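Student: Mind having a look at this structure? Questions to follow.
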2 protein chains.
Amino acid sequence: MQLSISEGEYKSRIEKVRKVLQRRNLDALYLTNATSIFYLTGYSFISTERPAALIIPLDGKITFIGPELERDHAPIKTRLIEDVKTYLDYPGEKHPIERFAEFLTEMGLAKKRIGIDNKAGASAMWGYKGPPITRRLPEAKFVDMADLVPKMRLIKSPAEIALIKESAKWANLAVSLLQEYTTEGAWDVEVALAASLDTSSIMKKTLGEGFEPLRNIFPVSAGFRGQIGEMSAIPHAIGTRRKIKSGDVIIAEAGVEIGGYSCELERTMIVGKPSAKQKRYFEAMVKAQEAAIQKIKDGVECSEVDKASINAFKKAGLIHLAKHHTGHGLGLEGHEPPWLDIGNKEKLRAGMVVSCEPGIYEVGFAGFRHSDTVLVTKDGCELITYYPRDIEQLTIT
Amino acid sequence: MQLSISEGEYKSRIEKVRKVLQRRNLDALYLTNATSIFYLTGYSFISTERPAALIIPLDGKITFIGPELERDHAPIKTRLIEDVKTYLDYPGEKHPIERFAEFLTEMGLAKKRIGIDNKAGASAMWGYKGPPITRRLPEAKFVDMADLVPKMRLIKSPAEIALIKESAKWANLAVSLLQEYTTEGAWDVEVALAASLDTSSIMKKTLGEGFEPLRNIFPVSAGFRGQIGEMSAIPHAIGTRRKIKSGDVIIAEAGVEIGGYSCELERTMIVGKPSAKQKRYFEAMVKAQEAAIQKIKDGVECSEVDKASINAFKKAGLIHLAKHHTGHGLGLEGHEPPWLDIGNKEKLRAGMVVSCEPGIYEVGFAGFRHSDTVLVTKDGCELITYYPRDIEQLTIT
């Protein structure tokens, strides 16, 4: 099992970028988005207030420009970055953007046509301030290319799909441990950390010494994110004060990073014997998810998938409890296009990977949502995650 | 022990904002920054591609505008948000920014003067696309107020300082567990998760059922972030493949969220008997940190603190191994102003809280950095973190 994208595939991604540069008559691409930089090189860094960018000239060395503390990091992680140019720190005696302008000038780009994903020239985080790079290189012509890499990411390659499938195996283990460790009186944070720890240990033993997450400090992110009992009615809850008790609906979820990629797996579980109302809501949610999955296929409009789950909830008389659309693309980011949303006219294409997760939420009662990772195929779709979905197997007694 | 900022203090922050609005002749403030929104209301949400903002009118209801899935979340977390207006989802049949323009119109702000922290009107994450709000409300006058809340955050109140001190107690426990659990042959990820789990459990037992993190899923973030052996020479390493072995320099760190706030605590440790070279680098780092701490005082220029550690490294003949400045402000974000940087002429003020963490890094060998959280006072400073700093107590045998 290959646990990361091969150097050859990274190279072919860069070749694609250079073909676009040529076609658009651009001399270089200037990328500030850390996910885009990882997608093209396999190099990941911690984004902070310190500006950083990747410069891909049409001809010439692929160059990372960033803080001195990243100088020795990039060459350890990739051979595709051929040069590293750094400033000591931010804000510095000279502002980093001034140094970036100098670096681009050294690279012969000061009067060239440069595609850029963000005209500031830096991702603005944590109190960063600075003039846009466009103002510091007035003779260069900057062209908005924010869409280039995100568009390349839409259709997953066989290698990317293999990594997401490997991720799904381990997410499956993590969710099974969450279910196993959940008991009345437990604090969900403890259950979550214990399941994350044990899944990580088993992964290291199984995948071997060479296994490491590339973009996250921890490979496994398993837990409930506060979705316990009445707080399960808040889809983006963060925490819950109280401990788990009998009668709670809980939503367990896991993501696992393999070579930068992750699946998404979420399961609604019931602690103790489900009530009639819990059963009714649970079954409506499962049916809505099935209806949406049935729709997923190459060539189908994204809105159609959302419509399928909306109709299922309408049929169950529970549409007033829906609070979000059916799903989103995934792979490198928590959410990414395409959006399975009633307003999205884009068509699904074979090789896209999406979450399918219609949910219903009643304040003061509970929330119900399974999320599965689904690969779009020519003939329909393939479920990448495979944890049981039925209420019998998701009842904790 | 109060574990969060009181409603009264949030109210007084909003009052300060309204005074500025009045002085600047503005009718409302439009905030997209999630940290700013938390700072003013105590409400935290997960930032995604879905636009969200807080509107503080000079007169009128404080209103959260965002996705439907946050509708019931805000009222649970704060009483200061008086109204919530939502769109179903992104991208939606009507783009959320169009809805935001309608919401502002309903609030009577369509032709008013609005301070804003981001003229897009939305934080652009994860593939979000949309027109700027400024274009959708052409008759409104938008005024850049990006600095307003970050400036308010610079000087910490007694309540904020108390939360950071409480955080330091628990970070101290977490780092002591990291040290205790570190053994030859251990994988740093397992040590990190075990220390995070045990610290979390002890916190819940001690602080009581009511304890919960407000902004993070897990209250404790303890570990090494890949800074093991030769990878400790990469200040922002993410992971290390191999397990811990005798002779390794490792850098342990912990942050713990209390009421949204965290300290920063990092310690360089040596596994096994330190070599002469390890001792020399370690002692030089400790001296540089002491020199910087000596300088910290109300009225001192930030650059002076950086200069002190630079001079200490120069004296030790190791300045060529420095890769970053001396420190940064902290509290609500990983890094925040003021920057303890040679290029920063701003003056420290009593009540500011900064990290003090000069470091040296030799590729192929190791990195050496302690980080402490320091409160600036009228007469000097107070160390908020207090884990031992000397090599004897940081040697793991």
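Scheme for the structure tokens: letters A, B, ... for chains in order shown; per-chain residue numbers from 1; ligand numbers from 1 in order shown.
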Restrict the distance test to only C-alpha atoms, flag each residue of chain A within 6 Å of chain B, and return the flagged residues as a PyMOL selection string.

Tutor: chain A and resi 68-69+89+92-93+126-127+193+197+210+212+217+225+238-239+241+323-324+336+343

Student: DSSP on the backbone: what in region 55-167 of chain A comes out alpha helix (DSSP H), as an MDAnalysis selection string?

Tutor: chainID A and resid 73:77 96:106 133:136 148:153 158:167

Student: Restricting the output to C-alpha atoms, write the selected residues as a JSON list (two decimals), in the first residue's frame.

Tutor:
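The result, stored in again28.json:
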[["chain", "number", "residue", "atom", "x", "y", "z"],
["A", 73, "HIS", "CA", 11.62, 21.90, 6.09],
["A", 74, "ALA", "CA", 10.65, 21.99, 2.41],
["A", 75, "PRO", "CA", 13.67, 19.98, 1.14],
["A", 76, "ILE", "CA", 12.96, 17.21, 3.67],
["A", 77, "LYS", "CA", 9.39, 16.86, 2.43],
["A", 96, "PRO", "CA", 8.33, 40.23, 3.97],
["A", 97, "ILE", "CA", 6.32, 41.47, 0.99],
["A", 98, "GLU", "CA", 9.21, 43.77, 0.08],
["A", 99, "ARG", "CA", 11.48, 40.74, 0.20],
["A", 100, "PHE", "CA", 9.00, 38.77, -1.94],
["A", 101, "ALA", "CA", 9.15, 41.56, -4.53],
["A", 102, "GLU", "CA", 12.95, 41.27, -4.47],
["A", 103, "PHE", "CA", 12.79, 37.48, -4.83],
["A", 104, "LEU", "CA", 10.51, 37.73, -7.84],
["A", 105, "THR", "CA", 12.82, 40.34, -9.34],
["A", 106, "GLU", "CA", 15.82, 38.00, -8.82],
["A", 133, "ILE", "CA", 2.41, 42.23, -3.73],
["A", 134, "THR", "CA", 0.74, 43.75, -6.79],
["A", 135, "ARG", "CA", 1.59, 47.22, -5.49],
["A", 136, "ARG", "CA", 5.22, 46.26, -4.89],
["A", 148, "LEU", "CA", -6.71, 26.84, -11.33],
["A", 149, "VAL", "CA", -5.64, 24.40, -8.59],
["A", 150, "PRO", "CA", -9.09, 24.00, -6.98],
["A", 151, "LYS", "CA", -10.42, 22.93, -10.40],
["A", 152, "MET", "CA", -7.62, 20.40, -10.83],
["A", 153, "ARG", "CA", -8.57, 18.94, -7.46],
["A", 158, "PRO", "CA", -6.78, 6.55, -8.84],
["A", 159, "ALA", "CA", -3.96, 7.22, -6.36],
["A", 160, "GLU", "CA", -6.04, 9.82, -4.52],
["A", 161, "ILE", "CA", -9.00, 7.47, -4.39],
["A", 162, "ALA", "CA", -6.78, 4.71, -3.02],
["A", 163, "LEU", "CA", -5.61, 7.01, -0.20],
["A", 164, "ILE", "CA", -9.19, 7.99, 0.66],
["A", 165, "LYS", "CA", -10.15, 4.29, 0.72],
["A", 166, "GLU", "CA", -7.25, 3.52, 3.04],
["A", 167, "SER", "CA", -8.43, 6.43, 5.22]]

Student: Please identify the strand (DSSP E) residues within region 5-69 of chain A (assignment by DSSP from backbone atoms) and present them as JSON, numbers by chain.

Tutor: {"A": [28, 29, 30, 31, 53, 54, 55, 56, 57, 63, 64, 65, 66, 67]}

Student: As a list in words, please: the residues near Lys315 (chain B) (cut-off 12 Å, only C-alpha atoms, same-chain neighbours under 5 positions excluded).

Tutor: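 My reading of the contact set: Ala284, Met285, Lys287, Ala288, Ala291, Ala308, Ser309, Ile310 and His320 of chain B.
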
Student: Can you write out the residues you just picked, keeping N, CA, C and O atoms, as a short mmCIF file (atom, residue, chain, number, x, y, z; two decimals), in the first residue's frame?

Tutor:
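Once written, result-v4.cif looks like this:
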data_model
loop_
_atom_site.label_atom_id
_atom_site.label_comp_id
_atom_site.auth_asym_id
_atom_site.auth_seq_id
_atom_site.Cartn_x
_atom_site.Cartn_y
_atom_site.Cartn_z
N ALA B 284 22.93 27.96 26.00
CA ALA B 284 22.89 29.21 25.22
C ALA B 284 21.43 29.65 25.03
O ALA B 284 21.11 30.84 25.13
N MET B 285 20.57 28.67 24.78
CA MET B 285 19.15 28.98 24.59
C MET B 285 18.54 29.51 25.88
O MET B 285 17.81 30.52 25.89
N LYS B 287 20.04 31.01 28.29
CA LYS B 287 20.56 32.37 28.55
C LYS B 287 19.88 33.40 27.66
O LYS B 287 19.60 34.52 28.11
N ALA B 288 19.64 33.03 26.43
CA ALA B 288 18.97 33.98 25.51
C ALA B 288 17.56 34.27 26.01
O ALA B 288 17.09 35.41 25.99
N ALA B 291 17.81 36.55 29.01
CA ALA B 291 18.15 37.92 28.60
C ALA B 291 16.91 38.63 28.07
O ALA B 291 16.68 39.81 28.36
N ALA B 308 17.84 41.56 22.71
CA ALA B 308 18.49 40.94 23.88
C ALA B 308 18.81 39.47 23.62
O ALA B 308 19.90 38.99 23.95
N SER B 309 17.88 38.75 23.01
CA SER B 309 18.18 37.34 22.76
C SER B 309 19.16 37.19 21.61
O SER B 309 20.03 36.31 21.64
N ILE B 310 19.06 38.07 20.62
CA ILE B 310 20.03 38.04 19.51
C ILE B 310 21.44 38.24 20.07
O ILE B 310 22.38 37.50 19.74
N HIS B 320 24.05 32.28 14.08
CA HIS B 320 23.76 31.74 12.74
C HIS B 320 22.72 30.61 12.79
O HIS B 320 22.20 30.20 11.76
#

Student: Select, from A:Leu109, A:Leu383, A:Ile55, A:Cys356, the residue with the minimum atom-to-atom distance to Asp83 (chain A), counting only C-alpha atoms.

Tutor: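 Distance minimum relative to Asp83 (chain A) lands on A:Ile55.
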
Student: Neighbours of Glu15 (chain B) within 10 Å (only C-alpha atoms; same-chain residues fewer than 5 positions away dropped), as a PyMOL selection string?

Tutor: chain B and resi 9-10+20-21+40+58

Student: Record the distance separating CA of Ile391 (chain A) and CA of Ser232 (chain A), expressed in Å with one decimal.

Tutor: 16.3 Å

Student: May I ask for the distance between CA of Pro274 (chain B) and CA of Ala254 (chain B), given in Å to one decimal place?

Tutor: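 Separating CA of Pro274 (chain B) from CA of Ala254 (chain B) is a distance of 23.2 Å.
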
Student: Would you mind reading off the distance between CA of Arg13 (chain A) and CA of Ile81 (chain A), one decimal, in Å?

Tutor: 13.4 Å
